[in-house]
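Printed here is start_6.txt (compact mmCIF, C-alpha atoms):
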# COMPACT_ATOMS: atom_id res chain seq x y z
CA MET H 785 -4.14 22.51 22.39
CA SER H 786 -7.04 24.37 20.84
CA VAL H 787 -7.08 22.16 17.74
CA VAL H 788 -7.74 19.12 19.90
CA SER H 789 -10.60 20.82 21.74
CA ASP H 790 -11.96 22.00 18.37
CA ALA H 791 -11.88 18.41 17.17
CA VAL H 792 -13.61 17.13 20.30
CA GLU H 793 -16.19 19.86 19.97
CA TRP H 794 -16.80 18.97 16.31
CA LEU H 795 -17.24 15.32 17.19
CA ASN H 796 -19.64 16.19 20.00
CA ASP H 797 -21.91 18.28 17.81
CA PRO H 798 -24.91 16.10 16.93
CA LEU H 799 -25.50 18.18 13.79
CA ASN H 800 -22.23 16.86 12.38
CA TRP H 801 -23.45 13.29 12.73
CA THR H 802 -26.92 13.47 11.20
CA GLY H 803 -28.20 14.86 7.94
CA THR H 804 -27.19 14.23 4.35
CA HIS H 805 -23.57 15.22 4.95
CA GLY H 806 -23.33 13.91 8.48
CA VAL H 807 -20.80 11.36 9.66
CA LEU H 808 -23.38 8.55 9.63
CA ALA H 809 -24.47 9.18 6.05
CA LEU H 810 -20.87 9.57 4.93
CA THR H 811 -19.86 6.33 6.63
CA ARG H 812 -22.71 4.53 4.89
CA GLU H 813 -21.61 6.01 1.56
CA HIS H 814 -18.00 5.05 2.32
CA LEU H 815 -18.91 1.44 3.03
CA THR H 816 -21.25 1.20 0.03
CA ILE H 817 -18.47 2.26 -2.36
CA SER H 818 -16.05 -0.10 -0.62
CA VAL H 819 -18.35 -3.11 -0.90
CA ALA H 820 -19.05 -2.33 -4.57
CA ALA H 821 -15.34 -1.98 -5.32
CA VAL H 822 -14.36 -5.22 -3.56
CA LEU H 823 -17.19 -7.13 -5.27
CA LEU H 824 -16.21 -5.75 -8.65
CA ALA H 825 -12.56 -6.68 -8.12
CA ALA H 826 -13.49 -10.12 -6.76
CA VAL H 827 -15.71 -10.94 -9.74
CA ILE H 828 -12.68 -10.46 -12.01
CA ALA H 829 -9.77 -11.54 -9.83
CA LEU H 830 -11.16 -14.60 -8.01
CA PRO H 831 -12.02 -16.77 -11.06
CA LEU H 832 -8.86 -15.65 -12.85
CA GLY H 833 -6.62 -16.38 -9.89
CA VAL H 834 -8.23 -19.75 -9.19
CA TRP H 835 -8.01 -20.75 -12.85
CA LEU H 836 -4.37 -19.69 -13.18
CA GLY H 837 -3.48 -21.49 -9.96
CA HIS H 838 -5.28 -24.61 -11.14
CA ARG H 839 -3.43 -24.51 -14.46
CA ARG H 840 -0.18 -23.79 -12.54
CA SER H 841 0.78 -21.00 -14.91
CA GLY H 842 0.64 -17.23 -14.90
CA GLY H 843 2.89 -16.62 -11.92
CA SER H 844 4.68 -13.83 -13.74
CA LEU H 845 1.38 -12.10 -14.50
CA THR H 846 0.49 -11.87 -10.82
CA VAL H 847 3.97 -10.58 -9.97
CA VAL H 848 3.88 -7.92 -12.68
CA LEU H 849 0.38 -6.81 -11.61
CA ALA H 850 1.41 -6.59 -7.97
CA ASN H 851 4.54 -4.58 -8.76
CA THR H 852 2.80 -2.18 -11.11
CA SER H 853 0.00 -1.53 -8.66
CA ARG H 854 2.61 -0.71 -6.05
CA ALA H 855 4.35 1.85 -8.24
CA LEU H 856 1.20 3.42 -9.71
CA PRO H 857 -0.12 6.04 -7.29
CA THR H 858 -3.79 5.58 -6.36
CA PHE H 859 -4.18 9.31 -6.61
CA ALA H 860 -3.03 9.24 -10.25
CA LEU H 861 -5.68 6.71 -11.21
CA LEU H 862 -8.34 8.61 -9.27
CA THR H 863 -7.59 11.87 -11.10
CA ILE H 864 -7.40 10.08 -14.46
CA PHE H 865 -10.79 8.38 -13.99
CA ALA H 866 -12.42 11.44 -12.46
CA SER H 867 -11.44 13.72 -15.33
CA GLY H 868 -11.94 11.07 -18.00
CA GLY H 869 -15.69 11.61 -18.08
CA LEU H 870 -16.69 9.53 -15.07
CA PHE H 871 -18.16 11.25 -12.08
CA GLY H 872 -17.78 11.08 -8.34
CA GLN H 873 -18.76 7.69 -7.02
CA THR H 874 -18.33 5.75 -10.28
CA ALA H 875 -14.79 6.99 -10.82
CA THR H 876 -13.96 6.26 -7.19
CA THR H 877 -15.38 2.75 -7.26
CA LEU H 878 -13.54 1.84 -10.47
CA ALA H 879 -10.18 3.33 -9.46
CA VAL H 880 -10.28 1.70 -6.05
CA ALA H 881 -11.40 -1.64 -7.51
CA VAL H 882 -8.32 -1.67 -9.76
CA PHE H 883 -6.12 -1.63 -6.69
CA ALA H 884 -8.14 -4.36 -5.02
CA VAL H 885 -7.43 -6.80 -7.86
CA PRO H 886 -3.76 -7.67 -7.12
CA PRO H 887 -4.17 -8.91 -3.52
CA ILE H 888 -7.25 -10.98 -4.40
CA LEU H 889 -5.63 -12.39 -7.54
CA THR H 890 -2.31 -13.20 -5.91
CA ASN H 891 -3.89 -14.94 -2.93
CA ALA H 892 -6.34 -16.95 -5.04
CA TYR H 893 -3.48 -17.98 -7.31
CA THR H 894 -1.12 -18.93 -4.47
CA GLY H 895 -3.89 -20.66 -2.54
CA VAL H 896 -4.81 -23.03 -5.35
CA LEU H 897 -1.22 -23.42 -6.55
CA GLU H 898 0.00 -24.48 -3.12
CA VAL H 899 -2.51 -27.29 -2.65
CA ASP H 900 -0.44 -30.37 -1.93
CA ALA H 901 0.42 -32.17 -5.16
CA ASP H 902 -0.25 -35.53 -3.46
CA VAL H 903 -3.79 -34.43 -2.65
CA ARG H 904 -4.41 -33.45 -6.25
CA ASP H 905 -2.96 -36.76 -7.40
CA ALA H 906 -5.21 -38.66 -5.02
CA ALA H 907 -8.27 -36.79 -6.31
CA ARG H 908 -7.39 -37.59 -9.91
CA GLY H 909 -6.58 -41.19 -8.94
CA MET H 910 -10.07 -41.56 -7.48
CA GLY H 911 -11.41 -40.70 -10.89
CA MET H 912 -12.27 -37.06 -10.37
CA SER H 913 -12.18 -34.89 -13.43
CA SER H 914 -9.96 -31.82 -13.41
CA VAL H 915 -12.97 -29.58 -12.77
CA ARG H 916 -14.35 -31.74 -9.96
CA SER H 917 -10.95 -31.90 -8.32
CA LEU H 918 -10.81 -28.10 -8.45
CA ALA H 919 -14.30 -27.66 -7.05
CA LEU H 920 -14.33 -30.38 -4.39
CA VAL H 921 -10.67 -30.62 -3.34
CA GLU H 922 -8.50 -27.69 -4.32
CA LEU H 923 -10.93 -24.84 -3.69
CA PRO H 924 -11.86 -25.87 -0.14
CA LEU H 925 -8.17 -26.25 0.71
CA ALA H 926 -7.41 -22.84 -0.79
CA LEU H 927 -10.24 -21.09 1.10
CA PRO H 928 -8.13 -19.61 3.91
CA LEU H 929 -5.88 -17.82 1.44
CA LEU H 930 -8.82 -16.68 -0.69
CA ALA H 931 -10.36 -15.18 2.44
CA ALA H 932 -7.05 -13.56 3.41
CA GLY H 933 -6.83 -11.93 -0.03
CA LEU H 934 -10.37 -10.59 0.18
CA ARG H 935 -9.71 -9.21 3.64
CA THR H 936 -6.46 -7.48 2.61
CA ALA H 937 -8.23 -6.00 -0.40
CA ALA H 938 -11.22 -4.85 1.64
CA VAL H 939 -9.12 -3.08 4.28
CA GLN H 940 -7.02 -1.48 1.56
CA VAL H 941 -10.14 -0.29 -0.26
CA ILE H 942 -11.66 1.21 2.87
CA ALA H 943 -8.35 3.00 3.47
CA THR H 944 -8.16 4.33 -0.09
CA VAL H 945 -11.72 5.58 -0.54
CA PRO H 946 -11.13 8.72 1.61
CA LEU H 947 -8.55 9.93 -0.90
CA ALA H 948 -11.29 10.08 -3.52
CA ALA H 949 -12.90 12.94 -1.63
CA PHE H 950 -10.31 15.18 -3.30
CA VAL H 951 -11.66 14.36 -6.73
CA GLY H 952 -15.36 14.50 -5.90
CA GLY H 953 -16.13 11.12 -4.33
CA THR H 954 -18.28 11.36 -1.21
CA SER H 955 -16.99 9.44 1.80
CA LEU H 956 -15.67 10.02 5.30
CA GLY H 957 -12.73 11.68 3.57
CA SER H 958 -15.08 14.53 2.70
CA VAL H 959 -14.87 15.66 6.32
CA ILE H 960 -11.12 16.15 5.91
CA VAL H 961 -11.39 17.85 2.52
CA THR H 962 -14.08 20.27 3.73
CA GLY H 963 -12.06 21.03 6.84
CA LEU H 964 -8.96 21.77 4.79
CA ALA H 965 -10.90 24.01 2.42
CA LEU H 966 -12.38 25.99 5.32
CA GLN H 967 -9.07 25.89 7.25
CA ARG H 968 -10.87 24.37 10.22
CA TYR H 969 -8.11 22.14 11.51
CA GLY H 970 -10.19 20.79 14.36
CA GLN H 971 -12.52 19.28 11.77
CA VAL H 972 -9.51 17.99 9.78
CA LEU H 973 -8.21 16.25 12.88
CA ALA H 974 -11.65 14.83 13.68
CA GLY H 975 -11.97 13.52 10.11
CA GLY H 976 -8.53 11.91 10.31
CA VAL H 977 -9.43 10.18 13.56
CA LEU H 978 -12.77 8.95 12.14
CA VAL H 979 -11.12 7.53 9.00
CA ALA H 980 -8.38 5.85 11.04
CA LEU H 981 -10.96 4.36 13.42
CA LEU H 982 -13.10 3.04 10.57
CA CYS H 983 -10.09 1.26 9.09
CA LEU H 984 -8.99 -0.24 12.40
CA VAL H 985 -12.53 -1.45 13.16
CA ALA H 986 -12.90 -2.89 9.65
CA GLU H 987 -9.58 -4.72 9.99
CA GLY H 988 -10.63 -6.13 13.36
CA VAL H 989 -14.09 -7.19 12.24
CA LEU H 990 -12.84 -8.82 9.03
CA ALA H 991 -10.06 -10.64 10.89
CA GLY H 992 -12.71 -11.95 13.28
CA ILE H 993 -15.02 -13.08 10.46
CA GLN H 994 -12.14 -14.77 8.67
CA ARG H 995 -11.11 -16.58 11.83
CA PHE H 996 -14.67 -17.62 12.54
CA LEU H 997 -15.21 -19.01 9.05
CA THR H 998 -11.91 -20.88 8.81
CA PRO H 999 -12.06 -24.47 10.07
CA MET H 1000 -9.87 -24.97 13.13
CA PRO H 1001 -7.09 -27.10 11.58
CA MET H 1002 -6.62 -24.61 8.77
CA ARG H 1003 -6.25 -21.48 10.88
CA GLN H 1004 -2.47 -21.63 10.76
CA ARG H 1005 -2.37 -21.17 6.99
CA ALA H 1006 -4.72 -18.24 6.85
CA THR H 1007 -2.13 -15.61 7.68
CA SER H 1008 0.71 -16.90 5.54
CA SER H 1009 0.78 -14.96 2.31
CA SER H 1010 -1.51 -12.03 2.88
CA GLU H 1011 1.41 -9.62 2.53
CA MET N 591 -19.87 24.88 -29.94
CA HIS N 592 -16.20 24.28 -30.44
CA VAL N 593 -14.56 21.95 -27.95
CA ALA N 594 -10.86 22.54 -27.48
CA ALA N 595 -8.66 19.51 -27.98
CA ASN N 596 -7.67 17.98 -24.66
CA PRO N 597 -5.25 15.17 -25.46
CA TRP N 598 -3.89 12.88 -22.73
CA LEU N 599 -0.43 12.99 -24.24
CA SER N 600 1.04 16.25 -25.44
CA TRP N 601 4.68 17.07 -25.98
CA ASP N 602 3.66 20.68 -26.29
CA TYR N 603 2.54 20.57 -22.68
CA VAL N 604 5.89 19.16 -21.56
CA VAL N 605 7.83 21.88 -23.37
CA ARG N 606 5.68 24.72 -22.08
CA ASN N 607 5.61 23.50 -18.50
CA ARG N 608 9.16 22.28 -18.18
CA GLY N 609 9.75 24.52 -15.16
CA ASP N 610 6.76 23.19 -13.21
CA LEU N 611 7.54 19.61 -14.14
CA THR N 612 11.17 19.83 -13.04
CA ARG N 613 10.20 21.50 -9.79
CA ALA N 614 7.56 18.86 -8.98
CA LEU N 615 9.88 16.00 -9.96
CA GLU N 616 12.67 17.45 -7.83
CA GLN N 617 10.32 17.88 -4.86
CA HIS N 618 9.09 14.33 -5.31
CA THR N 619 12.59 12.84 -5.63
CA THR N 620 14.13 14.67 -2.68
CA LEU N 621 11.15 13.82 -0.46
CA THR N 622 11.40 10.14 -1.38
CA ILE N 623 15.15 9.87 -0.85
CA GLN N 624 15.06 11.83 2.39
CA ALA N 625 12.16 9.77 3.76
CA VAL N 626 13.73 6.40 2.93
CA LEU N 627 17.12 7.44 4.31
CA ILE N 628 15.67 8.66 7.62
CA ALA N 629 13.45 5.60 7.86
CA PHE N 630 16.41 3.30 7.23
CA VAL N 631 18.54 4.95 9.91
CA ILE N 632 15.73 4.45 12.44
CA ALA N 633 14.68 1.00 11.19
CA LEU N 634 18.06 -0.70 11.35
CA PRO N 635 18.61 -0.41 15.13
CA LEU N 636 14.91 -1.07 15.79
CA ALA N 637 15.01 -4.26 13.75
CA ALA N 638 18.27 -5.34 15.36
CA LEU N 639 16.66 -4.77 18.76
CA ALA N 640 13.57 -6.76 17.79
CA HIS N 641 15.81 -9.53 16.49
CA THR N 642 18.08 -9.81 19.52
CA ARG N 643 15.24 -9.40 22.03
CA PRO N 644 12.50 -11.66 20.62
CA ARG N 645 10.20 -10.66 23.46
CA LEU N 646 10.14 -7.10 22.08
CA ALA N 647 9.50 -8.29 18.54
CA ALA N 648 5.83 -9.23 18.90
CA PRO N 649 4.62 -5.90 20.35
CA LEU N 650 6.86 -3.95 17.95
CA VAL N 651 5.57 -5.76 14.87
CA GLY N 652 2.01 -5.59 16.24
CA LEU N 653 2.26 -1.83 16.73
CA ALA N 654 3.68 -1.48 13.23
CA GLY N 655 0.71 -3.45 11.87
CA VAL N 656 -1.81 -1.20 13.62
CA LEU N 657 -0.02 1.93 12.40
CA TYR N 658 0.09 0.54 8.88
CA THR N 659 -3.69 0.08 8.91
CA VAL N 660 -4.15 3.82 9.44
CA PRO N 661 -4.52 5.25 5.92
CA SER N 662 -2.12 7.95 4.76
CA VAL N 663 -4.93 10.46 4.25
CA ALA N 664 -5.94 10.08 7.87
CA LEU N 665 -2.34 10.27 9.09
CA PHE N 666 -1.67 13.46 7.14
CA ALA N 667 -4.96 14.92 8.36
CA MET N 668 -4.10 14.11 11.97
CA LEU N 669 -0.57 15.52 11.64
CA ALA N 670 -1.45 18.69 9.71
CA PRO N 671 -2.98 20.63 12.63
CA PHE N 672 0.24 20.15 14.62
CA THR N 673 3.07 20.14 12.10
CA GLY N 674 1.47 22.54 9.67
CA ILE N 675 0.77 22.49 5.97
CA GLY N 676 3.84 21.55 3.99
CA ARG N 677 6.98 19.50 3.72
CA THR N 678 7.45 18.48 7.37
CA THR N 679 4.05 16.81 7.61
CA VAL N 680 4.51 14.86 4.39
CA LEU N 681 8.00 13.80 5.42
CA ILE N 682 6.84 12.52 8.83
CA GLY N 683 4.08 10.51 7.17
CA LEU N 684 6.36 9.04 4.53
CA VAL N 685 9.03 8.13 7.09
CA THR N 686 6.40 6.38 9.22
CA TYR N 687 5.19 4.11 6.42
CA ALA N 688 8.68 3.41 5.04
CA LEU N 689 9.79 2.59 8.59
CA LEU N 690 7.07 -0.04 8.98
CA VAL N 691 8.01 -1.76 5.71
CA LEU N 692 11.72 -1.65 6.51
CA VAL N 693 11.51 -2.95 10.07
CA ARG N 694 9.37 -5.90 8.98
CA ASN N 695 11.70 -6.83 6.12
CA ILE N 696 14.92 -6.43 8.10
CA VAL N 697 13.56 -8.53 10.98
CA VAL N 698 12.51 -11.24 8.52
CA GLY N 699 15.99 -11.10 6.92
CA LEU N 700 17.81 -11.34 10.25
CA ASP N 701 15.58 -14.16 11.48
CA GLY N 702 16.10 -16.01 8.21
CA VAL N 703 19.84 -16.45 8.68
CA ALA N 704 20.55 -20.19 8.83
CA GLU N 705 20.98 -21.54 12.34
CA GLU N 706 24.12 -23.50 11.29
CA VAL N 707 25.79 -20.27 10.18
CA ARG N 708 25.02 -18.72 13.56
CA ASP N 709 26.28 -21.83 15.36
CA ALA N 710 29.49 -21.82 13.37
CA ALA N 711 30.10 -18.16 14.24
CA ARG N 712 29.42 -18.81 17.93
CA GLY N 713 31.78 -21.77 17.77
CA LEU N 714 34.45 -19.47 16.41
CA GLY N 715 34.01 -17.33 19.52
CA TYR N 716 31.79 -14.53 18.16
CA GLY N 717 29.90 -12.56 20.83
CA PRO N 718 26.30 -11.39 20.21
CA ALA N 719 27.34 -7.94 18.90
CA ARG N 720 30.00 -9.27 16.55
CA LEU N 721 27.66 -12.04 15.44
CA LEU N 722 25.06 -9.45 14.48
CA LEU N 723 27.44 -7.09 12.70
CA ARG N 724 29.80 -9.52 10.97
CA VAL N 725 27.58 -12.53 10.28
CA GLU N 726 23.85 -11.87 10.51
CA LEU N 727 23.69 -8.45 8.86
CA PRO N 728 25.78 -9.43 5.81
CA ASN N 729 23.73 -12.61 5.43
CA ALA N 730 20.51 -10.63 5.67
CA LEU N 731 21.67 -8.07 3.07
CA PRO N 732 19.58 -9.47 0.18
CA ALA N 733 16.42 -9.26 2.32
CA ILE N 734 17.38 -5.77 3.49
CA VAL N 735 17.92 -4.58 -0.08
CA ALA N 736 14.56 -6.09 -1.05
CA GLY N 737 12.96 -4.18 1.83
CA VAL N 738 14.59 -0.90 0.79
CA ARG N 739 13.40 -1.38 -2.79
CA LEU N 740 9.85 -2.10 -1.62
CA ALA N 741 9.87 0.90 0.73
CA THR N 742 11.25 3.21 -1.97
CA VAL N 743 8.73 2.26 -4.64
CA SER N 744 5.84 2.57 -2.16
CA THR N 745 7.15 5.93 -1.00
CA VAL N 746 7.25 7.29 -4.56
CA ALA N 747 3.57 6.38 -4.95
CA LEU N 748 2.62 7.57 -1.47
CA THR N 749 4.22 11.01 -1.89
CA THR N 750 1.34 11.97 -4.19
CA VAL N 751 -1.01 11.77 -1.19
CA GLY N 752 0.90 14.81 0.08
CA VAL N 753 -1.70 16.85 -1.86
CA VAL N 754 -3.72 16.58 1.36
CA VAL N 755 -1.37 19.16 2.85
CA GLY N 756 -0.48 20.88 -0.41
CA TYR N 757 2.95 19.31 -0.83
CA GLY N 758 2.63 16.23 -2.99
CA GLY N 759 5.35 16.64 -5.63
CA LEU N 760 3.98 15.22 -8.86
CA GLY N 761 0.65 14.60 -7.10
CA GLN N 762 0.29 18.38 -6.94
CA LEU N 763 0.37 18.48 -10.75
CA MET N 764 -2.17 15.65 -10.99
CA PHE N 765 -4.47 17.61 -8.70
CA ARG N 766 -3.98 20.86 -10.65
CA GLY N 767 -4.65 18.97 -13.87
CA PHE N 768 -7.81 17.50 -12.37
CA ARG N 769 -9.13 20.88 -11.29
CA SER N 770 -8.46 22.54 -14.62
CA ARG N 771 -9.53 19.42 -16.58
CA TYR N 772 -6.11 19.38 -18.24
CA HIS N 773 -5.61 15.76 -19.29
CA ALA N 774 -2.00 16.10 -20.45
CA GLU N 775 -0.96 17.44 -17.06
CA ILE N 776 -2.46 14.46 -15.20
CA LEU N 777 -1.00 11.79 -17.46
CA THR N 778 2.44 13.40 -17.73
CA ALA N 779 2.69 13.57 -13.94
CA THR N 780 1.52 9.94 -13.68
CA LEU N 781 4.08 8.72 -16.20
CA LEU N 782 6.85 10.70 -14.50
CA CYS N 783 5.83 9.09 -11.22
CA LEU N 784 6.03 5.59 -12.70
CA ALA N 785 9.37 6.42 -14.34
CA LEU N 786 10.74 7.71 -11.05
CA ALA N 787 9.67 4.54 -9.24
CA LEU N 788 11.23 2.39 -11.96
CA ALA N 789 14.47 4.42 -11.96
CA CYS N 790 14.81 4.24 -8.15
CA ASP N 791 14.13 0.51 -8.24
CA LEU N 792 16.75 -0.07 -10.94
CA VAL N 793 19.39 1.96 -9.08
CA LEU N 794 18.71 0.02 -5.88
CA TYR N 795 18.72 -3.28 -7.75
CA VAL N 796 22.16 -2.54 -9.23
CA ALA N 797 23.45 -1.23 -5.89
CA GLY N 798 22.15 -4.42 -4.25
CA ARG N 799 24.01 -6.58 -6.74
CA LEU N 800 27.19 -4.60 -6.15
CA ILE N 801 27.14 -4.99 -2.37
CA THR N 802 26.23 -8.70 -2.48
CA PRO N 803 28.64 -10.05 -5.09
CA TRP N 804 28.27 -13.59 -3.72
CA SER N 805 24.58 -13.80 -4.64
CA ARG N 806 25.18 -12.77 -8.24
CA SER N 807 25.42 -16.26 -9.60
CA ALA N 808 22.95 -17.88 -7.24
CA GLN N 809 19.47 -16.39 -7.09
CA THR N 810 17.37 -14.31 -9.43
CA THR N 811 15.19 -12.46 -6.98
Transcribe the structure of this file into structure tokens.
Amino acid sequence: MSVVSDAVEWLNDPLNWTGTHGVLALTREHLTISVAAVLLAAVIALPLGVWLGHRRSGGSLTVVLANTSRALPTFALLTIFASGGLFGQTATTLAVAVFAVPPILTNAYTGVLEVDADVRDAARGMGMSSVRSLALVELPLALPLLAAGLRTAAVQVIATVPLAAFVGGTSLGSVIVTGLALQRYGQVLAGGVLVALLCLVAEGVLAGIQRFLTPMPMRQRATSSSE
Amino acid sequence: MHVAANPWLSWDYVVRNRGDLTRALEQHTTLTIQAVLIAFVIALPLAALAHTRPRLAAPLVGLAGVLYTVPSVALFAMLAPFTGIGRTTVLIGLVTYALLVLVRNIVVGLDGVAEEVRDAARGLGYGPARLLLRVELPNALPAIVAGVRLATVSTVALTTVGVVVGYGGLGQLMFRGFRSRYHAEILTATLLCLALALACDLVLYVAGRLITPWSRSAQTT
């Protein structure tokens, strides 16, 4: 298959890896946008989810958000932001951050909500205020799910950023878009493989970090409601 | 300098581009239905296999998880050189993702059938095949319908990514609108996309209620 050998050849050309539009620079750009988007989403979704879970209300809000974000195409939001006066990386970061909110919010909400009622009672019975109980008892117990939400969001963000290359965002997806424009399908294939690899590696690394940071007895819970 | 009005909502746009809109909507709808149907036909036996042979379930679900991590853009880009630019590539991609959602949900539904129900059926002399067809599948129907709804709504959204290979239904209009800075075109396509997802979900919800009359009084999900 000549496309495959074209792809291998493209990947073996050092000039495609270095320079301002090389794979290394694009990967760095890709990860920078992803980190910014996840942080932005977390700043909004984490406190909100924790607070709603602590108050034990707002379940319908999280469900509606999750369902809407499933039906709303990422590509639609990207084109809307990109032609609404925002440019390249800003539009990408914002659009992608919007889609990172639901998993973080839902997991934070569920995590705090599902803390054993007896444990909460015990904390209040010991004289802890509502805020102290949240900070010292509920939050630590909810940590595995918070982490699972962040991880789901991060992987999803890294997987979505390439799409932004079509509306002017620079990332590893740019390799695919350029290849399509030039009808160099070897490069398209190479770009696809690179993006897929980045996502698989990110998923593996984040799963490892999450496992490492979760205390041993709580590891069972960490996978429960991530999807 | 006079700047032409570029509203996000314009009925004028809808009237003047009715042909394009109908064509894109039709492309989008047929792609979605076709993808979910094909995926369902493949998913059902796969899920049944994973359910009856638990040793196959772990690798099957694991493989599905790995595949699901591969983003659609990358999948389309990897398929395009081999299956060409156009409908086939998009369809293969959509079927793949719908398949993963369906298999997972059907397996969960089949595994969730109460053990007592299974015991009762075995006590009545049901063999494994009859148990699966007459007892487990009907009991898993609500979960299966939920899976189909999830897969359908995701597929409607995912079809827009078909722009990668120039066949994205309503996504094609969003892209055209982006390139010509035509706001009305982008938002109209987006709203149509949401409406399509909602319509499909409603139809499946009603169909689900019709085929599971026993659950009508019981649960709300």
Just want the 9 Å neighbourhood of Leu947 in chain H, counted on only C-alpha atoms, with same-chain residues fewer than 5 positions away dropped. Output as number ranges by chain.
H: 858-859, 862, 953, 955, 957-958; N: 662-663, 751, 754
Show me, as a PyMOL selection string, the residues of chain H whose atoms get within 7 Å of chain N, using only C-alpha atoms for the distance check.
chain H and resi 787+854-857+859-860+863-864+867+943+946-947+960+969+972-973+976-977+979-980+983-984
For those residues, write C-alpha atoms to a file as a PDB file, keeping the file's coordinate frame.
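As a result, selection-v9.pdb now contains:
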ATOM      1  CA  VAL H 787      -7.080  22.160  17.740  1.00  0.00           C
ATOM      2  CA  ARG H 854       2.610  -0.710  -6.050  1.00  0.00           C
ATOM      3  CA  ALA H 855       4.350   1.850  -8.240  1.00  0.00           C
ATOM      4  CA  LEU H 856       1.200   3.420  -9.710  1.00  0.00           C
ATOM      5  CA  PRO H 857      -0.120   6.040  -7.290  1.00  0.00           C
ATOM      6  CA  PHE H 859      -4.180   9.310  -6.610  1.00  0.00           C
ATOM      7  CA  ALA H 860      -3.030   9.240 -10.250  1.00  0.00           C
ATOM      8  CA  THR H 863      -7.590  11.870 -11.100  1.00  0.00           C
ATOM      9  CA  ILE H 864      -7.400  10.080 -14.460  1.00  0.00           C
ATOM     10  CA  SER H 867     -11.440  13.720 -15.330  1.00  0.00           C
ATOM     11  CA  ALA H 943      -8.350   3.000   3.470  1.00  0.00           C
ATOM     12  CA  PRO H 946     -11.130   8.720   1.610  1.00  0.00           C
ATOM     13  CA  LEU H 947      -8.550   9.930  -0.900  1.00  0.00           C
ATOM     14  CA  ILE H 960     -11.120  16.150   5.910  1.00  0.00           C
ATOM     15  CA  TYR H 969      -8.110  22.140  11.510  1.00  0.00           C
ATOM     16  CA  VAL H 972      -9.510  17.990   9.780  1.00  0.00           C
ATOM     17  CA  LEU H 973      -8.210  16.250  12.880  1.00  0.00           C
ATOM     18  CA  GLY H 976      -8.530  11.910  10.310  1.00  0.00           C
ATOM     19  CA  VAL H 977      -9.430  10.180  13.560  1.00  0.00           C
ATOM     20  CA  VAL H 979     -11.120   7.530   9.000  1.00  0.00           C
ATOM     21  CA  ALA H 980      -8.380   5.850  11.040  1.00  0.00           C
ATOM     22  CA  CYS H 983     -10.090   1.260   9.090  1.00  0.00           C
ATOM     23  CA  LEU H 984      -8.990  -0.240  12.400  1.00  0.00           C
TER      24      LEU H 984
END
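Relative to CA of Ala741 in chain N, CA of Ala825 in chain H is found at 25.3 Å.
Straight-line separation from CA of Glu793 in chain H to CA of Thr954 in chain H: 22.9 Å.
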Work out how far apart CA of Asn891 in chain H and CA of Gly833 in chain H are and give it in Å to one decimal.
7.6 Å
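Distance annotation: of H:Asp900, H:Glu987, H:Asp790, H:Glu922, the residue with the minimal separation from Val941 in chain H is H:Glu987; atom set is all atoms listed in the file.
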Write out as JSON an axis-aligned box for range 715-720 of chain N: all of its atoms listed in the file, 5 Å added on each side, centre and edge lengths in Å with one decimal.
{"center_x": 30.2, "center_y": -12.6, "center_z": 18.7, "size_x": 17.7, "size_y": 19.4, "size_z": 14.3}
Using all atoms listed in the file, which residues sit within 8 Å of range 838-852 of chain H once same-chain residues fewer than 5 positions away are excluded, as a PyMOL selection string?
chain H and resi 886-887+889-890+893+896-897+918
Leaving out range 622-636 of chain N and any residue of its chain fewer than 4 positions from it, which residues lie within 7 Å of it when counting all atoms listed in the file, given as a VMD selection string?
chain N and resid 618 640 681 684 to 685 688 to 689 692 to 693 742 745 to 746
Write out as number ranges by chain each polymer residue whose atoms come within 9 Å of Ser600 in chain N, counting only C-alpha atoms; drop sequence neighbours fewer than 4 positions from it.
N: 596, 604, 774-775, 778
